[in-house]
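J.: Below is a structure I'd like to ask you about.
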Amino acid sequence: MSDQDKKNGKRPNNIGGQAVIEGVMMRGKRIYAMAVRNPAGGITVEKNEWGGIASKGIFKYPIFRGIAAFVDSLITGTKILMHSAEIAGEDWAEEDLSPFEKFLQDKFGDKINDILIYFSVTVSLILGMGLFFVLPVWLGNFFKTIVPVWGLGVIEGLIRIVIFLLYLFLISRMKEIKRVFQYHGAEHKTINCFESGKDLTVENVLPCTRLHKRCGTSFLLFVMIISMVVFFFVRTDTLVLRLLSRILLVPIVAGISYEVIRWAGKSDSKLVAAVSYPGLCLQKITTAEPDGSQIETAIAAMKGVLEDEAE
């Protein structure tokens, strides 16, 4: 942190978060705290160490640490999301098990939750790859007779961005997702309040912006844009080879995108402001103005982290 930031009362910006079912998860360097509004109206706070492969071996270095962060966020994020539904008393978390789930439970016992988490992550990855990488390549292939080979990567990138924007717009219309987006807004407002040096109170958090440069929405947009640049240099007029190259290069694209987000979160330069602007605009879709009770939940999660990582 610079001397000017200290003078202005600003705090280091190393805390991130995630909206969950009826709550917020905040993550520090070593632990995360999840605060969820329970059926009784109170706030349940749970803390745990943030595990995973990040900061181990080659995953301590640029690009590789972004790949590790992406994988860890998918697995741990899914686990936290599912557990938050249980705490919140969501009906779908209490439904009777299907015959297949009963079979898995009988066969694997207490390990069933971990199996379902990894299964959910695998399915999400397959669907995501299909929607945002395979489909654009297939659609872009229709243009191969009217654009040069290098232009196919650009066409695919534009199609990918359109699909991404359409996807965000459609899910934003869902009632359940709108409430999650409110908690997403509460998460950002609380982090912005903390980073500005103010006390964490509902009154101080409410006027803060719900947009943040290090948001996952901005990260995904960077993935879309950076993939267009990377794929521009990977040229082949064979459909199968293009599909294979896109899939294999996704981890590299994610790693580069992570470094860009990391850089943007540490600077207030005009260049960073320009680079971050499209992502901030997109967050107007993926966040919504929270109410006081949602902000209280986000504050509880933030304080849960600060109790163990006050530095």
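Going through the structure tokens in order, the chains are called A, B, and so on, while each chain numbers its residues from 1 and the ligands are numbered from 1 in the order shown.
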Quick one: residues within 9 Å of A:Gly292, only C-alpha atoms counted, chain neighbours fewer than 5 positions away excluded, as a PyMOL selection string?
T.: chain A and resi 186+202-203+206+297
J.: Out of A:Val260, A:Val240, A:Ala88, A:Ile53, which residue has the shortest atom-to-atom distance to A:Ser73 when counting only C-alpha atoms?
T.: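 Ranking A:Val260, A:Val240, A:Ala88, A:Ile53 by distance to A:Ser73, first place goes to A:Ile53.
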J.: Going by DSSP on the backbone, which residues of stretch 3-95 of chain A come out as alpha helix (DSSP H)? List them as a PyMOL selection string.
T.: chain A and resi 3-7+64-88
J.: Save the residues we just selected, C-alpha atoms, as a PDB file, in the first residue's frame?
T.:
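The result, written out as out.pdb:
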```pdb
ATOM      1  CA  ASP A   3       2.060   6.269   1.532  1.00  0.00           C
ATOM      2  CA  GLN A   4      -0.715   8.257  -0.125  1.00  0.00           C
ATOM      3  CA  ASP A   5      -3.183   5.420   0.486  1.00  0.00           C
ATOM      4  CA  LYS A   6      -2.159   5.281   4.131  1.00  0.00           C
ATOM      5  CA  LYS A   7      -2.626   9.034   4.411  1.00  0.00           C
ATOM      6  CA  PHE A  64      -0.085 -20.737 -13.055  1.00  0.00           C
ATOM      7  CA  ARG A  65      -1.467 -19.085  -9.915  1.00  0.00           C
ATOM      8  CA  GLY A  66      -4.388 -17.869 -11.986  1.00  0.00           C
ATOM      9  CA  ILE A  67      -5.106 -21.408 -13.180  1.00  0.00           C
ATOM     10  CA  ALA A  68      -4.974 -22.629  -9.556  1.00  0.00           C
ATOM     11  CA  ALA A  69      -7.225 -19.820  -8.329  1.00  0.00           C
ATOM     12  CA  PHE A  70      -9.763 -20.628 -11.040  1.00  0.00           C
ATOM     13  CA  VAL A  71      -9.851 -24.340 -10.159  1.00  0.00           C
ATOM     14  CA  ASP A  72      -9.962 -23.682  -6.392  1.00  0.00           C
ATOM     15  CA  SER A  73     -12.776 -21.170  -6.793  1.00  0.00           C
ATOM     16  CA  LEU A  74     -14.849 -23.620  -8.838  1.00  0.00           C
ATOM     17  CA  ILE A  75     -14.517 -26.471  -6.348  1.00  0.00           C
ATOM     18  CA  THR A  76     -14.623 -24.561  -3.059  1.00  0.00           C
ATOM     19  CA  GLY A  77     -17.165 -22.077  -4.406  1.00  0.00           C
ATOM     20  CA  THR A  78     -19.557 -24.884  -5.369  1.00  0.00           C
ATOM     21  CA  LYS A  79     -19.108 -26.510  -1.960  1.00  0.00           C
ATOM     22  CA  ILE A  80     -19.849 -23.245  -0.159  1.00  0.00           C
ATOM     23  CA  LEU A  81     -22.867 -22.533  -2.356  1.00  0.00           C
ATOM     24  CA  MET A  82     -24.409 -25.933  -1.653  1.00  0.00           C
ATOM     25  CA  HIS A  83     -23.775 -25.621   2.084  1.00  0.00           C
ATOM     26  CA  SER A  84     -25.286 -22.132   2.193  1.00  0.00           C
ATOM     27  CA  ALA A  85     -28.532 -23.549   0.802  1.00  0.00           C
ATOM     28  CA  GLU A  86     -28.649 -26.036   3.671  1.00  0.00           C
ATOM     29  CA  ILE A  87     -28.163 -23.291   6.264  1.00  0.00           C
ATOM     30  CA  ALA A  88     -30.729 -21.037   4.607  1.00  0.00           C
TER      31      ALA A  88
END
```
J.: What is the distance, in Å and to one decimal place, between atom CA of A:Trp150 and atom CA of A:Leu248?
T.: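 Straight-line distance from atom CA of A:Trp150 to atom CA of A:Leu248 works out to 18.5 Å.
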J.: Return the single residue from A:Pro278, A:Pro148, A:Gly23, A:Gly153 that is closest to A:Glu46, with distances computed using only C-alpha atoms.
T.: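 Using only C-alpha atoms, A:Glu46 sits closest to A:Gly23.
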J.: If you take only C-alpha atoms and a cut-off of 12 Å, which residues of stretch 147-211 of chain A touch stretch 282-285 of chain A, and what are their nearest atom pairs and distances in Å to one decimal, in chain and number order, as CSV?
T.:
```
residue,atom,partner,partner_atom,distance
A:Ile161,CA,A:Leu282,CA,11.7
A:Phe164,CA,A:Leu282,CA,10.6
A:Leu165,CA,A:Leu282,CA,8.5
A:Leu166,CA,A:Ile285,CA,11.2
A:Tyr167,CA,A:Ile285,CA,11.0
A:Leu168,CA,A:Ile285,CA,7.3
A:Phe169,CA,A:Ile285,CA,7.2
A:Leu170,CA,A:Ile285,CA,10.3
A:Ile171,CA,A:Ile285,CA,9.7
A:Ser172,CA,A:Ile285,CA,6.9
A:Arg173,CA,A:Ile285,CA,9.9
A:Ile177,CA,A:Ile285,CA,11.0
A:Lys178,CA,A:Ile285,CA,9.5
A:Val180,CA,A:Ile285,CA,11.8
A:Phe181,CA,A:Ile285,CA,8.3
A:Gln182,CA,A:Ile285,CA,10.6
A:His184,CA,A:Gln283,CA,9.6
A:Gly185,CA,A:Gln283,CA,9.0
A:His188,CA,A:Gln283,CA,10.2
A:Thr209,CA,A:Lys284,CA,10.5
A:Arg210,CA,A:Gln283,CA,8.2
A:Leu211,CA,A:Gln283,CA,6.3
```
J.: May I have the residues within 9 Å of A:Val229 as a PyMOL selection string, using only C-alpha atoms and disregarding those fewer than 4 positions away in the same chain?
T.: chain A and resi 153-154+157+225+233
